[in-house]
$ cat input_19.txt   # compact mmCIF, C-alpha atoms
# COMPACT_ATOMS: atom_id res chain seq x y z
CA MET A 1 -41.42 124.28 36.14
CA VAL A 2 -38.64 123.74 38.69
CA LEU A 3 -40.74 123.67 41.84
CA VAL A 4 -43.26 121.08 40.60
CA ARG A 5 -40.32 118.73 40.05
CA VAL A 6 -38.79 119.36 43.49
CA LEU A 7 -41.73 119.71 45.87
CA SER A 8 -44.33 117.06 46.67
CA HIS A 9 -47.97 117.52 45.64
CA THR A 10 -48.82 118.53 49.22
CA GLU A 11 -45.96 121.06 49.38
CA MET A 12 -46.95 122.49 45.99
CA GLY A 13 -50.52 122.81 47.21
CA ILE A 14 -49.40 124.73 50.33
CA TRP A 15 -47.12 126.91 48.19
CA ALA A 16 -50.10 127.70 45.94
CA LEU A 17 -52.24 128.59 48.97
CA PHE A 18 -49.46 130.88 50.26
CA LEU A 19 -49.36 132.68 46.91
CA THR A 20 -53.16 132.89 46.92
CA VAL A 21 -53.32 134.53 50.37
CA THR A 22 -50.49 137.01 49.70
CA SER A 23 -51.63 137.89 46.17
CA VAL A 24 -55.25 138.42 47.25
CA PHE A 25 -54.03 140.86 49.91
CA GLU A 26 -51.59 142.69 47.65
CA ALA A 27 -53.98 142.90 44.68
CA SER A 28 -56.79 144.13 46.93
CA LYS A 29 -54.54 146.74 48.54
CA SER A 30 -53.44 147.81 45.08
CA GLY A 31 -57.10 148.25 44.15
CA LEU A 32 -57.62 150.48 47.18
CA LEU A 33 -54.62 152.71 46.53
CA LYS A 34 -53.10 152.47 43.07
CA ASN A 35 -56.22 153.21 41.04
CA ALA A 36 -57.06 156.27 43.15
CA HIS A 37 -53.42 157.38 43.15
CA VAL A 38 -53.09 157.03 39.36
CA ARG A 39 -56.46 158.64 38.65
CA TYR A 40 -55.95 161.73 40.83
CA VAL A 41 -52.27 162.36 40.05
CA SER A 42 -52.67 161.86 36.28
CA SER A 43 -55.55 164.36 36.21
CA SER A 44 -53.79 167.02 38.33
CA ASP A 45 -51.36 169.72 37.15
CA ILE A 46 -50.57 171.11 40.62
CA GLU A 47 -47.30 169.80 42.09
CA SER A 48 -48.28 170.34 45.75
CA GLU A 49 -51.51 168.43 45.13
CA LYS A 50 -49.60 165.50 43.63
CA VAL A 51 -47.36 165.41 46.72
CA ALA A 52 -50.40 165.39 49.02
CA ILE A 53 -52.02 162.57 47.02
CA ALA A 54 -48.85 160.43 47.06
CA SER A 55 -48.25 161.04 50.77
CA SER A 56 -51.85 160.26 51.71
CA SER A 57 -51.76 157.11 49.60
CA PHE A 58 -48.55 155.96 51.32
CA ILE A 59 -49.93 156.35 54.85
CA ILE A 60 -53.04 154.29 53.95
CA ASN A 61 -50.72 151.70 52.37
CA LEU A 62 -48.74 151.50 55.64
CA ILE A 63 -51.83 151.14 57.86
CA VAL A 64 -53.46 148.43 55.69
CA SER A 65 -50.20 146.45 55.65
CA ILE A 66 -49.89 146.65 59.44
CA ILE A 67 -53.44 145.28 59.75
CA PHE A 68 -52.54 142.35 57.47
CA ILE A 69 -49.39 141.62 59.51
CA ALA A 70 -51.53 141.61 62.67
CA PHE A 71 -53.88 139.11 61.00
CA ILE A 72 -50.92 136.85 60.19
CA MET A 73 -49.67 136.97 63.77
CA LEU A 74 -53.10 136.31 65.28
CA GLY A 75 -55.12 134.39 62.69
CA SER A 76 -52.77 132.53 60.33
CA GLU A 77 -52.91 129.28 62.36
CA TRP A 78 -56.72 129.29 62.11
CA LEU A 79 -56.52 129.93 58.35
CA SER A 80 -53.95 127.17 57.92
CA ALA A 81 -56.17 124.68 59.76
CA GLU A 82 -59.26 125.68 57.75
CA LEU A 83 -57.42 125.01 54.48
CA ASN A 84 -56.05 121.65 55.65
CA ALA A 85 -52.47 122.94 55.43
CA ASP A 86 -51.40 121.95 58.99
CA LEU A 87 -49.17 124.74 60.36
CA ALA A 88 -47.02 124.99 57.23
CA LEU A 89 -49.05 127.82 55.67
CA SER A 90 -49.03 129.79 58.94
CA SER A 91 -45.26 129.40 59.24
CA MET A 92 -44.70 130.57 55.64
CA LEU A 93 -46.83 133.67 56.15
CA GLN A 94 -44.89 134.60 59.28
CA TRP A 95 -41.58 134.17 57.48
CA PHE A 96 -42.91 136.47 54.75
CA ILE A 97 -43.68 139.44 57.06
CA PRO A 98 -40.48 141.28 55.94
CA GLY A 99 -41.72 140.82 52.36
CA ILE A 100 -45.04 142.48 53.26
CA ILE A 101 -43.14 145.46 54.69
CA CYS A 102 -41.04 145.64 51.52
CA MET A 103 -44.20 145.55 49.37
CA ILE A 104 -45.36 148.79 51.01
CA PHE A 105 -42.56 150.61 49.19
CA PHE A 106 -42.75 148.53 46.01
CA SER A 107 -46.47 149.13 45.48
CA HIS A 108 -46.11 152.85 46.31
CA LEU A 109 -43.30 153.34 43.79
CA GLU A 110 -45.30 151.37 41.20
CA ALA A 111 -48.29 153.69 41.66
CA VAL A 112 -46.08 156.79 41.42
CA GLN A 113 -44.53 155.65 38.14
CA GLN A 114 -47.83 154.62 36.54
CA SER A 115 -49.46 157.90 37.56
CA TYR A 116 -47.01 159.53 35.12
CA LEU A 117 -47.96 156.97 32.43
CA ASP A 118 -44.45 155.47 32.64
CA PHE A 119 -44.39 151.65 32.63
CA LYS A 120 -40.73 150.94 31.87
CA GLY A 121 -39.49 150.77 35.47
CA VAL A 122 -42.43 148.62 36.55
CA SER A 123 -41.70 146.17 33.73
CA VAL A 124 -37.98 145.96 34.54
CA SER A 125 -38.53 145.65 38.31
CA TYR A 126 -41.02 142.80 37.93
CA LEU A 127 -38.57 141.05 35.61
CA VAL A 128 -35.77 141.53 38.16
CA ARG A 129 -38.02 140.19 40.93
CA GLN A 130 -38.85 137.01 39.05
CA VAL A 131 -35.31 136.41 37.77
CA SER A 132 -33.91 136.95 41.30
CA PHE A 133 -36.39 134.45 42.72
CA PHE A 134 -35.47 131.89 40.07
CA ILE A 135 -31.71 132.39 40.65
CA LEU A 136 -32.17 131.83 44.39
CA ILE A 137 -34.07 128.57 43.76
CA ALA A 138 -31.53 127.45 41.15
CA ALA A 139 -28.61 128.21 43.51
CA ASN A 140 -30.35 126.27 46.26
CA LEU A 141 -30.64 123.22 43.98
CA LEU A 142 -27.10 123.65 42.64
CA PHE A 143 -25.69 123.37 46.15
CA LYS A 144 -28.07 120.44 46.81
CA ALA A 145 -29.60 122.10 49.87
CA LYS A 146 -33.09 121.12 51.02
CA LEU A 147 -35.68 123.51 49.61
CA SER A 148 -38.18 124.07 52.42
CA LEU A 149 -41.42 126.05 52.19
CA ASN A 150 -40.14 128.59 54.73
CA LEU A 151 -37.04 129.09 52.61
CA LEU A 152 -39.26 129.80 49.60
CA ALA A 153 -41.05 132.52 51.59
CA LEU A 154 -37.66 134.01 52.50
CA TYR A 155 -36.51 133.90 48.85
CA GLN A 156 -39.73 135.65 47.90
CA PHE A 157 -38.88 138.48 50.31
CA ILE A 158 -35.31 138.82 48.99
CA SER A 159 -36.53 139.00 45.39
CA ILE A 160 -39.09 141.69 46.30
CA LEU A 161 -36.36 143.69 48.06
CA ILE A 162 -34.15 143.57 44.94
CA GLY A 163 -37.16 144.51 42.77
CA THR A 164 -37.98 147.47 45.04
CA ILE A 165 -34.43 148.83 44.80
CA THR A 166 -34.61 148.49 41.01
CA LEU A 167 -37.98 150.23 40.85
CA TYR A 168 -36.69 153.09 43.02
CA MET A 169 -33.87 153.73 40.53
CA PHE A 170 -36.45 154.21 37.76
CA THR A 171 -38.97 156.17 39.87
CA LYS A 172 -36.72 158.59 41.78
CA LYS A 173 -37.01 161.20 38.98
CA TYR A 174 -40.72 161.53 39.88
CA LEU A 175 -40.12 161.71 43.65
CA VAL A 176 -39.84 165.08 45.36
CA HIS A 177 -39.01 163.52 48.75
CA LYS A 178 -41.67 165.50 50.55
CA TYR A 179 -44.17 164.01 52.97
CA ALA A 180 -47.34 166.07 53.23
CA PRO A 181 -50.45 163.90 53.74
CA LYS A 182 -53.77 165.68 54.07
CA ALA A 183 -56.88 164.42 55.82
CA ALA A 184 -59.04 165.59 52.92
CA TRP A 185 -57.05 163.50 50.44
CA ILE A 186 -56.99 160.46 52.75
CA LYS A 187 -60.77 160.69 52.94
CA LYS A 188 -61.09 161.16 49.18
CA ILE A 189 -58.80 158.20 48.37
CA LEU A 190 -60.67 155.98 50.80
CA GLY A 191 -63.99 157.20 49.41
CA TYR A 192 -62.95 156.36 45.87
CA GLY A 193 -60.71 153.40 46.65
CA GLY A 194 -62.88 151.87 49.38
CA TYR A 195 -65.29 150.35 46.89
CA ILE A 196 -62.39 149.31 44.66
CA PHE A 197 -60.73 147.69 47.70
CA GLY A 198 -63.89 145.73 48.46
CA SER A 199 -64.32 144.96 44.78
CA GLY A 200 -60.70 143.81 44.60
CA ILE A 201 -61.15 141.47 47.56
CA MET A 202 -64.28 140.00 46.00
CA GLY A 203 -62.70 139.70 42.57
CA ASN A 204 -59.48 138.15 43.85
CA ILE A 205 -61.26 135.65 46.10
CA TYR A 206 -63.51 134.80 43.14
CA SER A 207 -60.50 134.19 40.87
CA ASN A 208 -58.89 131.92 43.49
CA ILE A 209 -62.05 130.23 44.72
CA ASP A 210 -61.16 126.99 42.92
CA LYS A 211 -57.95 126.48 44.92
CA VAL A 212 -59.49 127.56 48.23
CA MET A 213 -62.49 125.22 47.88
CA ALA A 214 -60.29 122.35 46.66
CA ALA A 215 -58.19 122.74 49.83
CA LYS A 216 -61.26 122.98 52.04
CA PHE A 217 -63.33 120.12 50.58
CA ILE A 218 -60.67 117.74 49.21
CA SER A 219 -57.07 118.26 50.43
CA SER A 220 -54.14 120.66 50.20
CA SER A 221 -52.42 118.29 47.73
CA SER A 222 -55.35 118.61 45.30
CA VAL A 223 -54.58 122.34 45.09
CA SER A 224 -51.33 121.51 43.27
CA PHE A 225 -53.28 120.23 40.24
CA TYR A 226 -55.49 123.33 40.14
CA ASN A 227 -52.42 125.52 40.62
CA THR A 228 -50.65 123.87 37.67
CA ALA A 229 -53.62 124.53 35.39
CA SER A 230 -53.98 128.07 36.78
CA ARG A 231 -50.32 128.89 36.12
CA ILE A 232 -50.57 127.79 32.50
CA ASN A 233 -53.87 129.62 32.16
CA GLY A 234 -52.28 132.66 33.79
CA MET A 235 -49.78 132.95 30.95
CA VAL A 236 -52.72 133.40 28.56
CA ASP A 237 -54.14 136.09 30.87
CA ILE A 238 -50.91 138.12 31.07
CA PRO A 239 -51.82 140.43 28.14
CA SER A 240 -55.23 141.08 29.72
CA TYR A 241 -53.79 142.23 33.04
CA ALA A 242 -51.05 144.24 31.34
CA ALA A 243 -53.68 145.93 29.17
CA ALA A 244 -55.72 146.80 32.26
CA GLU A 245 -52.75 148.72 33.69
CA ILE A 246 -52.52 150.80 30.51
CA LEU A 247 -56.25 151.14 29.87
CA PHE A 248 -57.06 152.51 33.35
CA PRO A 249 -55.26 155.89 33.09
CA LYS A 250 -56.21 156.19 29.41
CA THR A 251 -59.94 155.71 30.03
CA ALA A 252 -59.77 157.94 33.12
CA GLN A 253 -58.44 160.74 30.91
CA ALA A 254 -60.88 159.95 28.09
CA SER A 255 -63.82 159.98 30.50
CA ALA A 256 -62.80 163.39 31.83
CA HIS A 257 -61.89 165.07 28.54
CA GLU A 258 -63.17 163.14 25.49
CA GLY A 259 -66.55 161.65 26.40
CA LYS A 260 -68.33 158.30 26.30
CA GLU A 261 -67.69 157.51 22.64
CA ARG A 262 -63.94 157.52 23.17
CA VAL A 263 -64.28 155.31 26.25
CA LYS A 264 -66.46 152.90 24.25
CA TYR A 265 -63.88 152.76 21.45
CA LEU A 266 -60.97 152.10 23.84
CA TYR A 267 -62.87 149.29 25.57
CA GLU A 268 -63.99 147.56 22.36
CA LYS A 269 -60.56 147.89 20.77
CA MET A 270 -58.72 146.54 23.81
CA VAL A 271 -61.03 143.55 24.27
CA SER A 272 -60.80 142.65 20.59
CA ILE A 273 -56.98 142.80 20.55
CA LEU A 274 -56.78 140.66 23.70
CA LEU A 275 -59.15 138.07 22.21
CA SER A 276 -57.08 138.06 19.01
CA PHE A 277 -54.17 136.67 21.07
CA THR A 278 -56.22 134.55 23.47
CA ILE A 279 -58.29 132.61 20.91
CA PRO A 280 -55.40 130.88 19.05
CA LEU A 281 -53.54 130.17 22.31
CA ALA A 282 -56.64 128.68 23.93
CA ILE A 283 -57.35 126.51 20.89
CA PHE A 284 -53.78 125.15 20.91
CA VAL A 285 -53.86 124.29 24.63
CA ILE A 286 -57.33 122.70 24.38
CA LEU A 287 -56.12 120.47 21.51
CA PHE A 288 -52.75 119.54 23.09
CA PRO A 289 -53.21 119.75 26.88
CA LYS A 290 -51.11 116.68 27.72
CA LEU A 291 -48.15 118.06 25.78
CA VAL A 292 -48.39 121.44 27.54
CA ILE A 293 -48.72 119.97 31.05
CA THR A 294 -45.92 117.44 30.50
CA ILE A 295 -43.55 120.23 29.39
CA ILE A 296 -44.55 122.64 32.17
CA ALA A 297 -45.12 120.32 35.14
CA GLY A 298 -44.28 116.73 34.19
CA SER A 299 -46.31 113.56 33.73
CA SER A 300 -47.27 113.33 37.44
CA TYR A 301 -49.68 116.26 36.86
CA LEU A 302 -51.64 114.79 33.94
CA ASP A 303 -54.75 114.61 36.16
CA ALA A 304 -54.89 118.39 35.62
CA VAL A 305 -55.62 117.97 31.87
CA PRO A 306 -59.46 118.36 32.11
CA ILE A 307 -58.99 121.30 34.50
CA LEU A 308 -56.68 123.03 32.03
CA GLN A 309 -59.06 122.50 29.10
CA LEU A 310 -61.99 123.95 31.05
CA TYR A 311 -59.84 126.89 32.17
CA MET A 312 -58.86 127.59 28.56
CA LEU A 313 -62.53 127.77 27.59
CA SER A 314 -63.08 130.16 30.51
CA SER A 315 -60.17 132.31 29.33
CA LEU A 316 -62.16 133.27 26.23
CA PHE A 317 -64.67 135.09 28.45
CA ARG A 318 -62.25 136.82 30.83
CA PRO A 319 -60.88 139.72 28.72
CA MET A 320 -64.32 141.30 28.45
CA GLN A 321 -65.00 140.94 32.19
CA ASN A 322 -61.54 142.07 33.35
CA GLN A 323 -61.53 145.17 31.17
CA ALA A 324 -65.16 145.98 32.03
CA ALA A 325 -64.49 146.00 35.78
CA ASN A 326 -61.38 148.11 35.25
CA LEU A 327 -63.29 150.53 33.02
CA LEU A 328 -66.07 151.09 35.56
CA ASN A 329 -63.44 152.07 38.13
CA SER A 330 -61.74 154.43 35.68
CA ILE A 331 -64.99 156.27 34.82
CA ASP A 332 -65.74 156.80 38.52
CA LYS A 333 -68.27 154.00 39.06
CA PRO A 334 -66.42 151.90 41.69
CA ALA A 335 -69.58 151.24 43.73
CA LEU A 336 -71.27 149.54 40.79
CA CYS A 337 -68.16 147.44 40.16
CA PHE A 338 -68.09 146.44 43.84
CA TRP A 339 -71.67 145.21 43.87
CA ILE A 340 -71.24 143.31 40.60
CA ASN A 341 -68.12 141.60 41.96
CA THR A 342 -69.91 140.81 45.22
CA LEU A 343 -72.78 139.26 43.27
CA GLY A 344 -70.25 137.33 41.19
CA LEU A 345 -68.52 135.98 44.29
CA VAL A 346 -71.80 134.77 45.83
CA GLU A 347 -72.77 133.20 42.51
CA GLY A 348 -69.34 131.58 42.21
CA LEU A 349 -69.46 130.14 45.74
CA LEU A 350 -72.88 128.60 45.19
CA ILE A 351 -72.11 127.19 41.73
CA ASN A 352 -68.69 125.84 42.75
CA TYR A 353 -70.11 124.23 45.89
CA ALA A 354 -72.84 122.55 43.83
CA CYS A 355 -70.29 121.40 41.25
CA PHE A 356 -68.00 119.99 43.95
CA TYR A 357 -70.98 118.08 45.35
CA TYR A 358 -72.01 116.58 41.99
CA PHE A 359 -68.67 116.31 40.13
CA GLY A 360 -66.08 115.93 42.89
CA PHE A 361 -62.42 116.66 42.08
CA TYR A 362 -63.14 118.54 38.83
CA GLY A 363 -66.08 120.48 40.28
CA ALA A 364 -64.26 123.79 40.68
CA ALA A 365 -63.10 123.78 37.03
CA ILE A 366 -66.65 123.09 35.81
CA GLY A 367 -67.99 125.76 38.15
CA THR A 368 -65.42 128.27 36.89
CA LEU A 369 -66.57 127.77 33.29
CA ILE A 370 -70.26 128.13 34.21
CA THR A 371 -69.68 131.33 36.22
CA SER A 372 -67.48 132.77 33.43
CA VAL A 373 -70.24 132.32 30.87
CA LEU A 374 -72.93 133.78 33.14
CA GLY A 375 -70.64 136.63 34.19
CA THR A 376 -69.87 137.59 30.60
CA ILE A 377 -73.59 137.73 29.74
CA PHE A 378 -74.23 139.99 32.73
CA TRP A 379 -71.26 142.28 32.00
CA TYR A 380 -72.37 142.59 28.37
CA PHE A 381 -75.65 144.24 29.41
CA VAL A 382 -73.87 146.44 31.98
CA MET A 383 -71.40 147.73 29.39
CA ARG A 384 -74.14 148.17 26.80
CA TYR A 385 -76.11 150.33 29.23
CA HIS A 386 -73.20 152.49 30.43
CA ILE A 387 -71.04 153.00 27.33
CA GLY A 388 -73.15 151.63 24.45
CA PHE A 389 -70.93 148.56 24.00
CA GLU A 390 -71.57 146.57 20.79
CA ALA A 391 -70.49 142.92 20.51
CA SER A 392 -70.41 143.24 16.71
CA ALA A 393 -67.58 145.78 17.07
CA ILE A 394 -65.43 143.12 18.74
CA VAL A 395 -65.90 140.77 15.79
CA LYS A 396 -65.06 143.62 13.38
CA TYR A 397 -61.90 144.65 15.23
CA ILE A 398 -60.70 141.03 15.56
CA ALA A 399 -61.13 140.56 11.79
CA GLU A 400 -59.24 143.81 11.17
CA PHE A 401 -56.43 142.69 13.48
CA TYR A 402 -55.98 139.34 11.72
CA LYS A 403 -56.08 141.06 8.31
CA THR A 404 -53.36 143.47 9.44
CA VAL A 405 -51.20 140.61 10.75
CA TYR A 406 -51.73 138.63 7.53
CA ALA A 407 -50.86 141.65 5.36
CA GLY A 408 -47.72 142.24 7.41
CA LEU A 409 -46.61 138.60 7.06
CA MET A 410 -47.23 138.66 3.30
CA LYS A 411 -45.15 141.84 2.98
CA ILE A 412 -42.26 140.19 4.84
CA LEU A 413 -42.49 137.03 2.71
CA ASN A 414 -42.59 139.07 -0.52
CA ARG A 415 -39.45 140.95 0.53
CA LYS A 416 -37.61 137.68 1.15
CA GLU A 417 -38.65 136.31 -2.26
CA ALA A 418 -37.51 139.51 -3.94

$ encode --input "input_19.txt" --output "structure tokens"
Amino acid sequence: MVLVRVLSHTEMGIWALFLTVTSVFEASKSGLLKNAHVRYVSSSDIESEKVAIASSSFIINLIVSIIFIAFIMLGSEWLSAELNADLALSSMLQWFIPGIICMIFFSHLEAVQQSYLDFKGVSVSYLVRQVSFFILIAANLLFKAKLSLNLLALYQFISILIGTITLYMFTKKYLVHKYAPKAAWIKKILGYGGYIFGSGIMGNIYSNIDKVMAAKFISSSSVSFYNTASRINGMVDIPSYAAAEILFPKTAQASAHEGKERVKYLYEKMVSILLSFTIPLAIFVILFPKLVITIIAGSSYLDAVPILQLYMLSSLFRPMQNQAANLLNSIDKPALCFWINTLGLVEGLLINYACFYYFGFYGAAIGTLITSVLGTIFWYFVMRYHIGFEASAIVKYIAEFYKTVYAGLMKILNRKEA
């Protein structure tokens, strides 16, 4: 809300591309390491084995991050030129290299805490990160200093550093401060996480394909409109991603100890609860998009209204897909998830390219809706085959949820009247 009122459309577009590149890397790396780390540690009762898993995960984390830093040093100028971002994107990525190093420790500590089914420290550290970033921006504006894109990258690093220190304070009780990586565990993590890493890259590129193609085929400034709609849409998706973090270790344990019926129940229940929140939010935003955009970004971004409405329609299909991909990884089917995500990426590229050709500026938003619908249909049959998923159960659980909420509200109102 602050940045869209300070930066130009072109600067906001480059900022969005910077976040896209860094988040695709970090989310993909997390897919490679965190899921394997959480799965193996949460299912082990041997302390020495947990140390070996954590140590092996850390060394892979370090190597992957070094490779990404090398790409920034050698290939960021090419990437910046391809996305019509001049050299600004390349410069931001180079300024953010200390942040990438800091993320090695942040992501490792996050995986350690979640492997013990503890989410408190992760929640607090992410809050501290975001609040720190906002305070730095606010202080910059308070002192009326020029807010450059490179300075934003530096502020991002500082906020991650503060978040990492916070997360360490919560996670140190689980750390034994021993470093004992084992080749067997490195191989096992890569064997399990390799497909998830590839799947994560495909999935994250797919989820950001609208901004990348807008930059490539229109201009970097056009990305700012897609980014505005994506940010608002992202708030609706927050419960879905949070649920995925909780559902993964739960379904991993259920798959190992309780069987397919329990996995099916957890999936259906989670999707239905997420849709119970998403449906009313999506309806509100679809009916009042101008109000929402004006409050969040200002009147200069009203061209993003159709994009936002199409994204809100797409959001109704995402909970099922997001949780399905996460579930396949948790029940030890990462290869299947990888190939489905690869197919989805190819489909998304083709459909978005065709939509850009025929519909121009709004092509990516139209393409996103089409691919979301087709993807949901495909995932439905995959889930039905593997866990016996029933769409009717979703409707039943949503109805139960609303009845429970209504009964709770009536009880509160009756107390007040009494």

$ closest_residue --input "input_19.txt" --among "A:Thr22, A:Gln113, A:Ser56, A:Ser300" --to "Ile72 in chain A" --atoms "all atoms listed in the file"
A:Thr22

$ residues_around --input "input_19.txt" --residues "Lys269 in chain A" --least-positions-apart "3" --cutoff "12 Å" --atoms "all atoms listed in the file" --output "list in words"
Ala243, Leu247, Arg262, Val263, Lys264, Tyr265, Leu266, Ser272, Ile273, Leu274, Leu275, Ser276, Pro319, Met320, Gln323, Phe389, Glu390, Ala391, Ser392, Ala393, Ile394, Val395, Lys396, Tyr397, Ile398, Ala399, Glu400 and Phe401 of chain A

$ axis_aligned_box --input "input_19.txt" --around "range 386-405 of chain A" --padding-each-side "4 Å" --output "JSON"
{"center_x": -62.2, "center_y": 146.2, "center_z": 19.4, "size_x": 30.0, "size_y": 21.7, "size_z": 30.1}

$ atom_distance --input "input_19.txt" --atom1 "CA of Ile370 in chain A" --atom2 "CA of Gly203 in chain A"
16.2 Å

$ atom_distance --input "input_19.txt" --atom1 "CA of Met202 in chain A" --atom2 "CA of Phe25 in chain A"
11.0 Å
